Amino acid sequence: MQSLKIADYMNRRPLIFTARMSIETAVEKLLTSGQRGGPVVDDDNRVIGFISEHDCLEAMLRDTYHKEQSATVGDCMYGGDVLTVVGYDNITDLAQRMDRKRPKIYPVLDENRKLIGIITRTDVLKAINQQLRDSYSKS
């Protein structure tokens, strides 16, 4: 399974957000896509944060309660060190790092630290399952 590379199983057309985007727009994008969150990128396509369904829910509840104007993604995103991976990383290594406390979605970066996709726990599970099925059918 050491040959399973993240780039071979990642979503190359992920839902992305900008810090200037309104929470309402972000929520619409999440609901339409079915993605549970996504990377927030700057103008150079570098990851500057991450916004989740939970972040959006908190912002919308807060804004509704206080009858405030809409927040932006930048106001609500996680802006710390976002856990990322690179495309040539091994899927089984990533699977071993994924515990209950870790993200369910990882931005995938290229060698210049620019976003090239995302990989989810579901993607990792599908990759490992496919590899196991292929190895069983060869035996």
# chains A, B, ... in the order shown; residues from 1 in each chain; ligands from 1
$ residues_around --residues "region 98-113 of chain A" --least-positions-apart "2" --cutoff "12 Å" --atoms "only C-alpha atoms" --output "PyMOL selection string"
chain A and resi 5-16+35-42+44-53+78+81-89+91-96+115-125
$ write_last_selection --atoms "C-alpha atoms" --output "JSON list (two decimals), in the first residue's frame"
[["chain", "number", "residue", "atom", "x", "y", "z"],
["A", 5, "LYS", "CA", -0.36, 8.57, -3.30],
["A", 6, "ILE", "CA", -2.75, 11.28, -2.17],
["A", 7, "ALA", "CA", -2.68, 12.95, -5.60],
["A", 8, "ASP", "CA", -4.21, 9.84, -7.15],
["A", 9, "TYR", "CA", -7.30, 9.94, -4.91],
["A", 10, "MET", "CA", -7.82, 13.61, -4.02],
["A", 11, "ASN", "CA", -10.62, 15.86, -5.24],
["A", 12, "ARG", "CA", -8.93, 18.12, -7.80],
["A", 13, "ARG", "CA", -11.89, 20.51, -7.99],
["A", 14, "PRO", "CA", -12.71, 21.24, -4.36],
["A", 15, "LEU", "CA", -14.98, 23.85, -3.02],
["A", 16, "ILE", "CA", -12.82, 26.78, -1.90],
["A", 35, "GLN", "CA", -18.81, 19.25, 1.12],
["A", 36, "ARG", "CA", -18.53, 19.74, 4.90],
["A", 37, "GLY", "CA", -16.01, 22.56, 4.82],
["A", 38, "GLY", "CA", -13.10, 23.75, 2.83],
["A", 39, "PRO", "CA", -9.89, 25.69, 2.58],
["A", 40, "VAL", "CA", -9.85, 29.46, 2.55],
["A", 41, "VAL", "CA", -7.33, 30.76, 0.03],
["A", 42, "ASP", "CA", -5.71, 34.08, -0.75],
["A", 44, "ASP", "CA", -2.24, 33.40, -4.84],
["A", 45, "ASN", "CA", -4.21, 30.21, -4.05],
["A", 46, "ARG", "CA", -2.34, 29.69, -0.78],
["A", 47, "VAL", "CA", -4.29, 28.29, 2.17],
["A", 48, "ILE", "CA", -4.85, 30.95, 4.83],
["A", 49, "GLY", "CA", -7.57, 29.19, 6.83],
["A", 50, "PHE", "CA", -10.34, 26.65, 6.90],
["A", 51, "ILE", "CA", -14.10, 27.10, 7.23],
["A", 52, "SER", "CA", -16.37, 24.29, 8.40],
["A", 53, "GLU", "CA", -20.11, 23.78, 8.61],
["A", 78, "TYR", "CA", -10.05, 28.83, 11.59],
["A", 81, "ASP", "CA", -2.01, 26.43, 11.21],
["A", 82, "VAL", "CA", -4.24, 24.43, 8.91],
["A", 83, "LEU", "CA", -3.20, 20.78, 8.69],
["A", 84, "THR", "CA", -2.30, 20.12, 5.07],
["A", 85, "VAL", "CA", -0.71, 17.36, 3.04],
["A", 86, "VAL", "CA", 1.17, 17.24, -0.25],
["A", 87, "GLY", "CA", 0.13, 15.25, -3.28],
["A", 88, "TYR", "CA", 3.05, 12.83, -3.18],
["A", 89, "ASP", "CA", 2.39, 11.87, 0.46],
["A", 91, "ILE", "CA", -2.37, 7.64, 1.81],
["A", 92, "THR", "CA", -1.65, 5.01, 4.44],
["A", 93, "ASP", "CA", 0.57, 7.47, 6.32],
["A", 94, "LEU", "CA", -2.28, 9.98, 6.26],
["A", 95, "ALA", "CA", -4.77, 7.31, 7.38],
["A", 96, "GLN", "CA", -2.61, 6.55, 10.41],
["A", 115, "LEU", "CA", -3.75, 24.43, -3.17],
["A", 116, "ILE", "CA", -4.23, 21.65, -5.74],
["A", 117, "GLY", "CA", -7.11, 19.75, -4.12],
["A", 118, "ILE", "CA", -8.52, 18.24, -0.96],
["A", 119, "ILE", "CA", -8.63, 14.74, 0.42],
["A", 120, "THR", "CA", -11.24, 13.50, 2.86],
["A", 121, "ARG", "CA", -11.48, 10.52, 5.17],
["A", 122, "THR", "CA", -13.93, 9.04, 2.69],
["A", 123, "ASP", "CA", -11.38, 9.38, -0.13],
["A", 124, "VAL", "CA", -8.75, 7.65, 2.03],
["A", 125, "LEU", "CA", -11.16, 4.87, 2.93]]
$ residues_around --residues "Glu58 (chain A)" --least-positions-apart "2" --cutoff "12 Å" --atoms "only C-alpha atoms" --output "ChimeraX atom specification"
/A:23,27,51-56,60-65,71,73,75-77
$ atom_distance --atom1 "CA of Gln130 (chain A)" --atom2 "CA of Lys114 (chain A)"
28.3 Å
$ atom_distance --atom1 "CA of Asn90 (chain A)" --atom2 "CA of Gly34 (chain A)"
25.8 Å
$ closest_residue --among "A:Arg20, A:Lys126, A:Arg97, A:Lys29" --to "Gly74 (chain A)" --atoms "only C-alpha atoms"
A:Arg20
$ atom_distance --atom1 "CA of Ser22 (chain A)" --atom2 "CA of Ala59 (chain A)"
10.5 Å
